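Engineer: Before we start, here is the structure in question, set down as structure tokens.
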Amino acid sequence: MFSSRTPGLSRLNKTQKASMAGVAAAGVAAVTFSLVPGTAVAAESQAPVQSPVTSQVTTSATDSIETPAVSAIIAKQFSSPDTAAKVQSVVQKTASEKKAEEAAKKKAAAKAKADAEKRGEEAANRSTVRKPVYKNNLDGWIKESLAIMKKHKIPGSYEGLHRNIIRESSGNPKAINLWDINARNGIPSKGLLQVIPPTFKTYHVKGTPFDIYDPVANIVAAANYAADRYGSMDNVNSAY
């Protein structure tokens with residue numbers, strides 16, 4: 001039967017075995033020195049000085065203990081309270097920075113939205129302020145009518161409108177003619193410029209009330225009709 005002991009190992013004397021143990025300790029110290037800088041001085045001072053011959057003989061022995069020693073040292077480093085605390089601190093710092101970044105983005109988005117809404121409100125306010133306010137009288141009705149006529153490219157002037165209104169109704173928006181041919185035909189002339197209902201319906205301008213007695217609607221519809229038939233209300237100097 002073969003012996004379970006490694007051939008030649010039994011022939012080592014005590015001095016050789018001691019040398020091998022010393023080399024193994026030196027290997028552990030060397031590994032410790034390379035991985036744990038803080039203990040370099042202590043490890044170096046404790047390692048015994050070995051002869052070249054001894055180190056050559058024990059190379060295989062140091063190789064066999066190198067991996068367990070490194071693992072043990074690394075495990076010890078990362079299991080220490082100081083290292084664990086540092087790792088935890090880094091994790092917490094990263095989480096805090098991410099949370100702060102998300103909060104900053106939300107704050108910036110909210111500010112951008114508020115600024116946009118503010119700009120919209122300011123624009124609306126400017127639009128409201130810029131919108132002219134016309135007086136509720138003949139002068140105001142004519143000026144508002146001229147603004148609408150300009151928008152719809154209907155010709156006519158303040159003087160032309162005013163002159164015909166005074167002749168037709170004396171400036172009374174509720175005026176109605178109950179005696180002329182139109183009245184006898186059942187379609188009396190109405191309003192500031194004495195427009196008959198069929199004419200008002202045909203020449204009514206969108207954006208104005210569909211009410212023949214509304215002063216602005218009546219003026220604009222009459223001006224639209226006069227522009228179509230006479231070129232402009234300015235060209236009308238009598239019943240039309």
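To be explicit about the labels: the chains of the structure tokens are called A, B, and onward in the order shown, and within each one the residues are counted from 1, while ligands get numbers from 1 in the order they are shown.
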With a distance cut-off of 9 Å and only C-alpha atoms, select the neighbouring residues of stretch 128-138 of chain A, excluding the residue or stretch itself and same-chain residues fewer than 2 positions from it, and output the selection as a list in words.

Structural biologist: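 The filter keeps Ala123, Ala124, Asn125, Arg126, Gly140, Trp141, Ile142, Lys143, Glu144, His162, Gly171, Asn172, Pro173 and Pro215 of chain A.
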
Engineer: So which residues touch A:Ala239 within 9 Å, counting only C-alpha atoms, skipping near sequence neighbours fewer than 4 positions away, as a list in words?

Structural biologist: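 Here the qualifying residues turn out to be Asn164, Arg167 and Glu168 of chain A.
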
Engineer: Name all residues at most 12 Å from A:Gly231 (count only C-alpha atoms; drop same-chain ones fewer than 6 positions away) and give them as a PyMOL selection string.

Structural biologist: chain A and resi 153-156+223-225

Engineer: If you keep N, CA and C atoms, can you produce a file of those selected residues as an mmCIF file, in the first residue's frame?

Structural biologist:
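That gives us selection-v8.cif:
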```
data_model
loop_
_atom_site.group_PDB
_atom_site.id
_atom_site.type_symbol
_atom_site.label_atom_id
_atom_site.label_comp_id
_atom_site.auth_asym_id
_atom_site.auth_seq_id
_atom_site.Cartn_x
_atom_site.Cartn_y
_atom_site.Cartn_z
ATOM 1 N N LYS A 153 -63.282 95.623 -43.470
ATOM 2 C CA LYS A 153 -62.993 96.362 -44.706
ATOM 3 C C LYS A 153 -64.252 96.931 -45.348
ATOM 4 N N ILE A 154 -65.091 97.509 -44.511
ATOM 5 C CA ILE A 154 -66.297 98.190 -44.991
ATOM 6 C C ILE A 154 -65.993 99.689 -45.010
ATOM 7 N N PRO A 155 -66.072 100.344 -46.155
ATOM 8 C CA PRO A 155 -65.733 101.766 -46.231
ATOM 9 C C PRO A 155 -66.761 102.654 -45.536
ATOM 10 N N GLY A 156 -66.311 103.850 -45.148
ATOM 11 C CA GLY A 156 -67.206 104.806 -44.504
ATOM 12 C C GLY A 156 -66.432 105.683 -43.546
ATOM 13 N N ALA A 223 -74.099 100.326 -43.206
ATOM 14 C CA ALA A 223 -72.876 100.716 -43.911
ATOM 15 C C ALA A 223 -72.448 99.623 -44.884
ATOM 16 N N ASN A 224 -72.644 98.360 -44.496
ATOM 17 C CA ASN A 224 -72.307 97.229 -45.358
ATOM 18 C C ASN A 224 -73.202 97.227 -46.604
ATOM 19 N N TYR A 225 -74.477 97.514 -46.393
ATOM 20 C CA TYR A 225 -75.429 97.600 -47.515
ATOM 21 C C TYR A 225 -75.084 98.775 -48.432
#
```

Engineer: Which value, in Å to one decimal, gives the distance between atom CA of A:Tyr240 and atom CA of A:Ile181?

Structural biologist: 12.7 Å
